[in-house]
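Printed here is run11.pdb (PDB, C-alpha atoms, pLDDT in the B column):
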ATOM      1  CA  MET A 191       0.000   0.000   0.000  1.00 52.00           C
ATOM      2  CA  GLY A 192       1.234   3.470  -0.837  1.00 78.00           C
ATOM      3  CA  LEU A 193       1.061   6.520   1.381  1.00 90.00           C
ATOM      4  CA  ARG A 194      -2.524   7.655   1.998  1.00 94.00           C
ATOM      5  CA  ILE A 195      -4.254  10.620   3.616  1.00 96.00           C
ATOM      6  CA  ASN A 196      -4.138  10.381   7.450  1.00 97.00           C
ATOM      7  CA  ASP A 197      -1.087   8.100   7.352  1.00 97.00           C
ATOM      8  CA  ILE A 198       1.835   9.230   9.498  1.00 98.00           C
ATOM      9  CA  VAL A 199       4.535  10.347   7.083  1.00 97.00           C
ATOM     10  CA  PRO A 200       7.738   8.322   6.973  1.00 96.00           C
ATOM     11  CA  ASP A 201      10.507   9.655   9.163  1.00 98.00           C
ATOM     12  CA  PHE A 202      13.914   9.820   7.540  1.00 97.00           C
ATOM     13  CA  THR A 203      17.323  11.408   7.846  1.00 97.00           C
ATOM     14  CA  ALA A 204      18.651  13.063   4.703  1.00 97.00           C
ATOM     15  CA  ALA A 205      21.196  15.553   3.421  1.00 97.00           C
ATOM     16  CA  THR A 206      19.933  18.944   2.269  1.00 97.00           C
ATOM     17  CA  ASP A 207      21.640  22.072   0.979  1.00 96.00           C
ATOM     18  CA  GLN A 208      21.224  23.421   4.538  1.00 97.00           C
ATOM     19  CA  GLY A 209      22.677  20.381   6.311  1.00 97.00           C
ATOM     20  CA  GLU A 210      21.330  17.051   7.491  1.00 98.00           C
ATOM     21  CA  ILE A 211      17.760  16.854   8.791  1.00 98.00           C
ATOM     22  CA  THR A 212      15.587  14.253  10.475  1.00 98.00           C
ATOM     23  CA  PHE A 213      12.164  14.863   8.990  1.00 98.00           C
ATOM     24  CA  HIS A 214       9.859  14.530  12.018  1.00 98.00           C
ATOM     25  CA  ASP A 215      12.206  16.648  14.141  1.00 98.00           C
ATOM     26  CA  TRP A 216      12.404  19.221  11.355  1.00 98.00           C
ATOM     27  CA  ILE A 217       8.584  19.486  11.203  1.00 98.00           C
ATOM     28  CA  GLY A 218       8.372  19.953  14.978  1.00 98.00           C
ATOM     29  CA  ASP A 219       4.979  21.399  15.956  1.00 98.00           C
ATOM     30  CA  ASP A 220       4.376  23.175  12.652  1.00 98.00           C
ATOM     31  CA  TRP A 221       2.553  22.346   9.454  1.00 98.00           C
ATOM     32  CA  ALA A 222       4.831  21.265   6.625  1.00 98.00           C
ATOM     33  CA  ILE A 223       4.811  21.028   2.848  1.00 98.00           C
ATOM     34  CA  LEU A 224       7.106  18.647   0.983  1.00 97.00           C
ATOM     35  CA  PHE A 225       7.241  19.305  -2.765  1.00 94.00           C
ATOM     36  CA  SER A 226       9.308  17.090  -5.004  1.00 91.00           C
ATOM     37  CA  HIS A 227      10.999  17.448  -8.372  1.00 87.00           C
ATOM     38  CA  PRO A 228      12.572  14.993 -10.827  1.00 83.00           C
ATOM     39  CA  LYS A 229      15.800  16.911 -11.471  1.00 84.00           C
ATOM     40  CA  ASP A 230      17.644  20.172 -10.875  1.00 89.00           C
ATOM     41  CA  PHE A 231      18.115  22.737 -13.656  1.00 89.00           C
ATOM     42  CA  THR A 232      14.812  21.888 -15.360  1.00 89.00           C
ATOM     43  CA  PRO A 233      12.530  24.680 -16.626  1.00 91.00           C
ATOM     44  CA  VAL A 234       9.147  23.937 -15.066  1.00 91.00           C
ATOM     45  CA  CYS A 235      10.676  23.046 -11.710  1.00 91.00           C
ATOM     46  CA  THR A 236      12.697  26.263 -11.675  1.00 94.00           C
ATOM     47  CA  THR A 237       9.497  28.295 -12.052  1.00 95.00           C
ATOM     48  CA  GLU A 238       7.876  26.258  -9.257  1.00 95.00           C
ATOM     49  CA  PHE A 239      10.751  26.660  -6.830  1.00 94.00           C
ATOM     50  CA  GLY A 240      10.652  30.366  -7.646  1.00 97.00           C
ATOM     51  CA  ALA A 241       6.945  30.504  -6.818  1.00 97.00           C
ATOM     52  CA  VAL A 242       7.575  28.839  -3.449  1.00 97.00           C
ATOM     53  CA  ALA A 243      10.344  31.323  -2.703  1.00 98.00           C
ATOM     54  CA  GLN A 244       8.065  34.271  -3.510  1.00 98.00           C
ATOM     55  CA  LEU A 245       5.464  32.943  -1.044  1.00 98.00           C
ATOM     56  CA  ALA A 246       7.819  32.890   1.953  1.00 98.00           C
ATOM     57  CA  ASP A 247       5.718  35.374   3.939  1.00 98.00           C
ATOM     58  CA  GLU A 248       2.537  33.375   3.267  1.00 98.00           C
ATOM     59  CA  TRP A 249       4.075  30.151   4.592  1.00 98.00           C
ATOM     60  CA  ALA A 250       5.308  31.996   7.694  1.00 98.00           C
ATOM     61  CA  LYS A 251       1.832  33.470   8.375  1.00 98.00           C
ATOM     62  CA  ARG A 252       0.460  29.939   8.417  1.00 98.00           C
ATOM     63  CA  ASN A 253       3.184  28.455  10.650  1.00 98.00           C
ATOM     64  CA  THR A 254       4.143  26.199   7.768  1.00 98.00           C
ATOM     65  CA  LYS A 255       7.607  24.952   6.852  1.00 98.00           C
ATOM     66  CA  VAL A 256       8.340  24.122   3.226  1.00 98.00           C
ATOM     67  CA  ILE A 257      10.988  21.746   1.946  1.00 98.00           C
ATOM     68  CA  GLY A 258      11.873  20.726  -1.589  1.00 96.00           C
ATOM     69  CA  LEU A 259      13.189  17.407  -2.840  1.00 95.00           C
ATOM     70  CA  SER A 260      15.108  16.581  -5.980  1.00 91.00           C
ATOM     71  CA  VAL A 261      16.961  13.466  -7.043  1.00 88.00           C
ATOM     72  CA  ASP A 262      20.240  15.345  -7.519  1.00 90.00           C
ATOM     73  CA  GLY A 263      22.915  16.048  -4.910  1.00 93.00           C
ATOM     74  CA  VAL A 264      23.612  18.890  -2.507  1.00 95.00           C
ATOM     75  CA  ASP A 265      26.188  20.586  -4.736  1.00 95.00           C
ATOM     76  CA  GLU A 266      23.708  20.737  -7.608  1.00 94.00           C
ATOM     77  CA  HIS A 267      21.020  22.111  -5.285  1.00 95.00           C
ATOM     78  CA  VAL A 268      23.281  24.948  -4.150  1.00 95.00           C
ATOM     79  CA  LYS A 269      24.088  25.924  -7.749  1.00 96.00           C
ATOM     80  CA  TRP A 270      20.461  25.593  -8.854  1.00 95.00           C
ATOM     81  CA  LYS A 271      19.260  27.902  -6.093  1.00 96.00           C
ATOM     82  CA  SER A 272      21.259  30.709  -7.667  1.00 96.00           C
ATOM     83  CA  ASP A 273      19.248  30.270 -10.879  1.00 96.00           C
ATOM     84  CA  ILE A 274      15.974  30.023  -8.925  1.00 96.00           C
ATOM     85  CA  GLU A 275      16.620  33.214  -6.975  1.00 97.00           C
ATOM     86  CA  GLY A 276      17.708  35.103 -10.081  1.00 97.00           C
ATOM     87  CA  TYR A 277      14.586  34.030 -11.940  1.00 97.00           C
ATOM     88  CA  ALA A 278      12.147  34.652  -9.069  1.00 97.00           C
ATOM     89  CA  GLY A 279      13.708  37.764  -7.563  1.00 98.00           C
ATOM     90  CA  ALA A 280      13.320  36.170  -4.126  1.00 98.00           C
ATOM     91  CA  LYS A 281      15.551  34.251  -1.719  1.00 97.00           C
ATOM     92  CA  ALA A 282      14.951  30.504  -1.638  1.00 97.00           C
ATOM     93  CA  THR A 283      15.356  30.092   2.119  1.00 96.00           C
ATOM     94  CA  PHE A 284      13.842  26.602   2.322  1.00 97.00           C
ATOM     95  CA  PRO A 285      16.011  23.456   2.265  1.00 98.00           C
ATOM     96  CA  ILE A 286      16.140  21.003  -0.642  1.00 96.00           C
ATOM     97  CA  ILE A 287      16.543  17.301   0.117  1.00 96.00           C
ATOM     98  CA  ALA A 288      19.212  15.481  -1.907  1.00 95.00           C
ATOM     99  CA  ASP A 289      17.463  12.210  -2.749  1.00 92.00           C
ATOM    100  CA  LYS A 290      20.109  10.705  -5.029  1.00 89.00           C
ATOM    101  CA  ASP A 291      19.355   7.138  -3.918  1.00 87.00           C
ATOM    102  CA  LEU A 292      15.567   7.691  -4.202  1.00 87.00           C
ATOM    103  CA  ALA A 293      15.072   6.519  -0.613  1.00 90.00           C
ATOM    104  CA  VAL A 294      12.642   9.320   0.235  1.00 92.00           C
ATOM    105  CA  SER A 295      10.880   9.146  -3.139  1.00 89.00           C
ATOM    106  CA  LYS A 296      10.238   5.453  -2.610  1.00 87.00           C
ATOM    107  CA  ALA A 297       9.191   5.885   1.041  1.00 90.00           C
ATOM    108  CA  PHE A 298       6.588   8.433  -0.076  1.00 91.00           C
ATOM    109  CA  ASP A 299       5.473   6.194  -2.949  1.00 85.00           C
ATOM    110  CA  MET A 300       6.611   8.612  -5.633  1.00 83.00           C
ATOM    111  CA  LEU A 301       8.341   5.830  -7.579  1.00 71.00           C
ATOM    112  CA  PRO A 302       7.937   2.051  -7.807  1.00 53.00           C
ATOM    113  CA  ALA A 303       9.993   0.245  -5.189  1.00 47.00           C
ATOM    114  CA  ASP A 304      12.106  -1.386  -7.914  1.00 50.00           C
ATOM    115  CA  ALA A 305      12.804   1.840  -9.779  1.00 53.00           C
ATOM    116  CA  TYR A 306      16.280   1.961 -11.261  1.00 50.00           C
ATOM    117  CA  LEU A 307      17.771   5.186 -12.485  1.00 54.00           C
ATOM    118  CA  PRO A 308      21.156   5.001 -14.221  1.00 52.00           C
ATOM    119  CA  ASP A 309      23.920   7.531 -13.835  1.00 54.00           C
ATOM    120  CA  GLY A 310      23.340  10.455 -16.131  1.00 51.00           C
ATOM    121  CA  ARG A 311      19.585  10.116 -15.742  1.00 51.00           C
ATOM    122  CA  THR A 312      17.316  12.772 -17.140  1.00 49.00           C
ATOM    123  CA  ALA A 313      14.195  14.314 -15.631  1.00 45.00           C
ATOM    124  CA  ALA A 314      12.150  11.874 -17.745  1.00 50.00           C
ATOM    125  CA  ASP A 315      13.690   8.948 -15.832  1.00 50.00           C
ATOM    126  CA  SER A 316      12.233  10.212 -12.564  1.00 48.00           C
ATOM    127  CA  ALA A 317       9.155  11.944 -13.935  1.00 50.00           C
ATOM    128  CA  SER A 318       6.818  10.623 -11.257  1.00 53.00           C
ATOM    129  CA  VAL A 319       8.858  12.338  -8.538  1.00 70.00           C
ATOM    130  CA  ARG A 320       6.609  15.399  -8.801  1.00 81.00           C
ATOM    131  CA  SER A 321       4.255  15.624  -5.859  1.00 91.00           C
ATOM    132  CA  VAL A 322       3.060  17.913  -3.073  1.00 95.00           C
ATOM    133  CA  PHE A 323       2.386  16.609   0.427  1.00 97.00           C
ATOM    134  CA  ILE A 324       0.746  18.821   3.067  1.00 98.00           C
ATOM    135  CA  ILE A 325       1.446  17.490   6.554  1.00 98.00           C
ATOM    136  CA  SER A 326      -0.218  18.494   9.836  1.00 98.00           C
ATOM    137  CA  PRO A 327       1.642  18.964  13.141  1.00 98.00           C
ATOM    138  CA  ASP A 328       0.731  15.404  14.200  1.00 98.00           C
ATOM    139  CA  LYS A 329       2.896  14.257  11.252  1.00 98.00           C
ATOM    140  CA  LYS A 330      -0.081  12.954   9.246  1.00 98.00           C
ATOM    141  CA  VAL A 331      -0.593  13.439   5.527  1.00 98.00           C
ATOM    142  CA  GLN A 332      -3.517  15.776   4.952  1.00 98.00           C
ATOM    143  CA  LEU A 333      -3.307  16.240   1.178  1.00 98.00           C
ATOM    144  CA  ILE A 334      -1.416  14.755  -1.777  1.00 96.00           C
ATOM    145  CA  MET A 335      -1.152  16.301  -5.259  1.00 93.00           C
ATOM    146  CA  THR A 336       0.731  14.667  -8.145  1.00 89.00           C
ATOM    147  CA  TYR A 337       1.367  16.412 -11.449  1.00 87.00           C
ATOM    148  CA  PRO A 338       2.800  15.452 -14.842  1.00 83.00           C
ATOM    149  CA  MET A 339       6.008  17.088 -16.019  1.00 81.00           C
ATOM    150  CA  SER A 340       4.215  19.262 -18.578  1.00 85.00           C
ATOM    151  CA  VAL A 341       1.957  21.086 -16.095  1.00 90.00           C
ATOM    152  CA  GLY A 342       3.373  23.567 -13.602  1.00 91.00           C
ATOM    153  CA  ARG A 343       1.831  23.441 -10.166  1.00 93.00           C
ATOM    154  CA  ASN A 344      -0.423  26.278  -9.029  1.00 96.00           C
ATOM    155  CA  PHE A 345       0.984  27.287  -5.646  1.00 96.00           C
ATOM    156  CA  ALA A 346      -1.897  29.702  -5.099  1.00 96.00           C
ATOM    157  CA  GLU A 347      -4.017  26.532  -4.952  1.00 97.00           C
ATOM    158  CA  VAL A 348      -1.551  24.991  -2.492  1.00 98.00           C
ATOM    159  CA  VAL A 349      -1.995  28.052  -0.253  1.00 98.00           C
ATOM    160  CA  ARG A 350      -5.795  27.865  -0.641  1.00 98.00           C
ATOM    161  CA  ALA A 351      -5.811  24.155   0.219  1.00 98.00           C
ATOM    162  CA  LEU A 352      -3.549  24.805   3.213  1.00 98.00           C
ATOM    163  CA  ASP A 353      -5.982  27.464   4.468  1.00 98.00           C
ATOM    164  CA  ALA A 354      -8.867  25.006   4.124  1.00 98.00           C
ATOM    165  CA  LEU A 355      -6.975  22.239   5.899  1.00 98.00           C
ATOM    166  CA  GLN A 356      -6.032  24.520   8.776  1.00 98.00           C
ATOM    167  CA  ALA A 357      -9.599  25.843   9.075  1.00 97.00           C
ATOM    168  CA  THR A 358     -11.130  22.364   9.198  1.00 97.00           C
ATOM    169  CA  TYR A 359      -8.382  20.637  11.218  1.00 97.00           C
ATOM    170  CA  GLY A 360     -10.077  19.234  14.321  1.00 95.00           C
ATOM    171  CA  ASN A 361     -13.272  21.223  13.602  1.00 96.00           C
ATOM    172  CA  PRO A 362     -16.675  19.822  12.520  1.00 97.00           C
ATOM    173  CA  ILE A 363     -16.704  21.852   9.309  1.00 98.00           C
ATOM    174  CA  ALA A 364     -15.760  21.460   5.660  1.00 98.00           C
ATOM    175  CA  THR A 365     -15.110  23.854   2.797  1.00 98.00           C
ATOM    176  CA  GLY A 366     -17.029  23.951  -0.460  1.00 97.00           C
ATOM    177  CA  ALA A 367     -15.832  24.269  -4.031  1.00 97.00           C
ATOM    178  CA  ASN A 368     -13.465  27.187  -4.653  1.00 97.00           C
ATOM    179  CA  TRP A 369     -13.576  28.214  -0.980  1.00 98.00           C
ATOM    180  CA  THR A 370     -11.130  30.874   0.138  1.00 96.00           C
ATOM    181  CA  ALA A 371     -10.272  32.105   3.623  1.00 95.00           C
ATOM    182  CA  GLY A 372     -12.993  34.269   5.159  1.00 94.00           C
ATOM    183  CA  GLU A 373     -15.882  32.702   3.256  1.00 97.00           C
ATOM    184  CA  ASP A 374     -18.637  30.660   4.889  1.00 97.00           C
ATOM    185  CA  VAL A 375     -17.927  27.024   5.672  1.00 98.00           C
ATOM    186  CA  ILE A 376     -20.082  23.899   5.591  1.00 98.00           C
ATOM    187  CA  VAL A 377     -21.327  22.415   8.870  1.00 98.00           C
ATOM    188  CA  ALA A 378     -20.417  18.750   9.252  1.00 97.00           C
ATOM    189  CA  LEU A 379     -23.230  16.207   9.088  1.00 97.00           C
ATOM    190  CA  THR A 380     -22.106  14.850  12.458  1.00 96.00           C
ATOM    191  CA  LEU A 381     -23.977  17.785  14.027  1.00 97.00           C
ATOM    192  CA  ASN A 382     -27.751  18.151  13.890  1.00 97.00           C
ATOM    193  CA  ASP A 383     -29.262  21.622  13.467  1.00 97.00           C
ATOM    194  CA  ASP A 384     -29.594  22.296  17.190  1.00 97.00           C
ATOM    195  CA  GLN A 385     -26.016  21.170  17.875  1.00 97.00           C
ATOM    196  CA  ALA A 386     -24.778  23.281  14.972  1.00 97.00           C
ATOM    197  CA  ARG A 387     -26.553  26.390  16.266  1.00 97.00           C
ATOM    198  CA  GLU A 388     -25.222  25.761  19.772  1.00 96.00           C
ATOM    199  CA  LYS A 389     -21.675  25.550  18.451  1.00 95.00           C
ATOM    200  CA  PHE A 390     -21.685  28.127  15.671  1.00 95.00           C
ATOM    201  CA  GLY A 391     -24.659  30.401  16.329  1.00 94.00           C
ATOM    202  CA  GLU A 392     -26.425  31.229  13.097  1.00 95.00           C
ATOM    203  CA  ILE A 393     -26.519  28.607  10.355  1.00 97.00           C
ATOM    204  CA  ASP A 394     -27.899  28.870   6.834  1.00 97.00           C
ATOM    205  CA  VAL A 395     -29.841  25.732   5.884  1.00 97.00           C
ATOM    206  CA  LYS A 396     -29.586  25.607   2.101  1.00 97.00           C
ATOM    207  CA  LEU A 397     -30.545  21.920   1.919  1.00 97.00           C
ATOM    208  CA  PRO A 398     -31.177  19.427   4.753  1.00 95.00           C
ATOM    209  CA  TYR A 399     -27.638  18.136   4.197  1.00 96.00           C
ATOM    210  CA  LEU A 400     -26.005  21.436   3.192  1.00 98.00           C
ATOM    211  CA  ARG A 401     -25.762  24.007   5.988  1.00 98.00           C
ATOM    212  CA  THR A 402     -23.288  26.845   6.128  1.00 98.00           C
ATOM    213  CA  THR A 403     -22.007  29.170   8.816  1.00 97.00           C
ATOM    214  CA  ARG A 404     -19.603  32.059   9.091  1.00 95.00           C
ATOM    215  CA  HIS A 405     -15.924  31.402   9.535  1.00 91.00           C
ATOM    216  CA  ASP A 406     -13.467  34.173  10.268  1.00 78.00           C
ATOM    217  CA  ALA A 407      -9.975  33.592   8.906  1.00 57.00           C
TER
END
Rendering of file as structure tokens:
Amino acid sequence: MGLRINDIVPDFTAATDQGEITFHDWIGDDWAILFSHPKDFTPVCTTEFGAVAQLADEWAKRNTKVIGLSVDGVDEHVKWKSDIEGYAGAKATFPIIADKDLAVSKAFDMLPADAYLPDGRTAADSASVRSVFIISPDKKVQLIMTYPMSVGRNFAEVVRALDALQATYGNPIATGANWTAGEDVIVALTLNDDQAREKFGEIDVKLPYLRTTRHDA
């Protein structure tokens, strides 16, 4: 079985461009986002790393640590960051895991367990190493996104999803389609109308199974 939502993420020790980390210790009591890439010095991934760098203040507001992963080594990561920062006009202050042996990629089910990548591999060899994992402070996976190489990830959507996860974490609410922070939320079906009013005050009963209430970001 691969990694699923609500699974505790694998713990691991790995080299990064900012030194060695142990993943669970690195997360600490914060939220975390792990985003992976098939190779350094590739065009789409450079734009994505740049987008993450530009959102540094947004991650900080949400008590969220971000960490990249690529199947190249530390030296390549250090050189690549210079390109990323020049392109994005922002400092890439987050670490990048050096997953040359694919240990982390396999642990997170980003590649088949028997994957073999020869020396001199290209991004196409490790194309499936292109995922986003949002992890809650209890070290559980809350969301997984996987993209093909041809489609750049929308990190505004990652921020939106993070807001929704943090709003609903441990609360009997959900968020509807296209929800953004500050909009009304959906009351969970585990609460009847009286319980919902006791907890939230006013509720808007749109359908017997669709009730909304205010939620302040």
Point out the residue among A:Ala205, A:Gly218, A:Arg350, A:Lys290 with the least atom-to-atom distance to Ala367 of chain A, counting only C-alpha atoms.
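Of A:Ala205, A:Gly218, A:Arg350, A:Lys290, the one nearest Ala367 of chain A is A:Arg350, counting only C-alpha atoms.
Note that the spacing between atom CA of Ala288 of chain A and atom CA of Ala351 of chain A amounts to 26.6 Å.
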Which residues are close to Val349 of chain A, i.e. within 12 Å by all atoms listed in the file, leaving aside same-chain residues fewer than 3 positions away? Reply as a list in words.
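After dropping sequence-adjacent residues, the list is Ala222, Ile223, Ala241, Val242, Leu245, Ala246, Asp247, Glu248, Trp249, Ala250, Lys251, Arg252, Thr254, Val256, Val322, Ile324, Leu333, Arg343, Asn344, Phe345, Ala346, Leu352, Asp353, Ala354, Leu355, Gln356, Trp369, Thr370 and Ala371 of chain A.
Atom CA of Asn368 of chain A sits 25.9 Å away from atom CA of Ile257 of chain A.
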I'd like to see the residues matched by the PyMOL selection byres ((chain A and resi 262-271) around 8) on this file, and ideally I'd get them as a ChimeraX atom specification.
/A:205-207,229-231,260-261,272-275,282,286-290
Run the PyMOL selection byres ((chain A and resi 380-383) around 9) against the file shown and list the residues it catches, as an MDAnalysis selection string.
chainID A and resid 362 377:379 384:388 393 395 401
Show me, as an NGL selection string, the residues that have an atom within 12 Å of Met335 of chain A when counting all atoms listed in the file, minus same-chain residues fewer than 3 positions from it.
:A and (194-195 or 223-226 or 300 or 318-324 or 331-332 or 338 or 342-345 or 347-348 or 351)
Given the selection you just returned, output its residues as a file containing C-alpha atoms, formatted as a PDB file, keeping the file's coordinate frame.
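part24.pdb, freshly written:
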ATOM      1  CA  ARG A 194      -2.524   7.655   1.998  1.00 94.00           C
ATOM      2  CA  ILE A 195      -4.254  10.620   3.616  1.00 96.00           C
ATOM      3  CA  ILE A 223       4.811  21.028   2.848  1.00 98.00           C
ATOM      4  CA  LEU A 224       7.106  18.647   0.983  1.00 97.00           C
ATOM      5  CA  PHE A 225       7.241  19.305  -2.765  1.00 94.00           C
ATOM      6  CA  SER A 226       9.308  17.090  -5.004  1.00 91.00           C
ATOM      7  CA  MET A 300       6.611   8.612  -5.633  1.00 83.00           C
ATOM      8  CA  SER A 318       6.818  10.623 -11.257  1.00 53.00           C
ATOM      9  CA  VAL A 319       8.858  12.338  -8.538  1.00 70.00           C
ATOM     10  CA  ARG A 320       6.609  15.399  -8.801  1.00 81.00           C
ATOM     11  CA  SER A 321       4.255  15.624  -5.859  1.00 91.00           C
ATOM     12  CA  VAL A 322       3.060  17.913  -3.073  1.00 95.00           C
ATOM     13  CA  PHE A 323       2.386  16.609   0.427  1.00 97.00           C
ATOM     14  CA  ILE A 324       0.746  18.821   3.067  1.00 98.00           C
ATOM     15  CA  VAL A 331      -0.593  13.439   5.527  1.00 98.00           C
ATOM     16  CA  GLN A 332      -3.517  15.776   4.952  1.00 98.00           C
ATOM     17  CA  PRO A 338       2.800  15.452 -14.842  1.00 83.00           C
ATOM     18  CA  GLY A 342       3.373  23.567 -13.602  1.00 91.00           C
ATOM     19  CA  ARG A 343       1.831  23.441 -10.166  1.00 93.00           C
ATOM     20  CA  ASN A 344      -0.423  26.278  -9.029  1.00 96.00           C
ATOM     21  CA  PHE A 345       0.984  27.287  -5.646  1.00 96.00           C
ATOM     22  CA  GLU A 347      -4.017  26.532  -4.952  1.00 97.00           C
ATOM     23  CA  VAL A 348      -1.551  24.991  -2.492  1.00 98.00           C
ATOM     24  CA  ALA A 351      -5.811  24.155   0.219  1.00 98.00           C
TER      25      ALA A 351
END
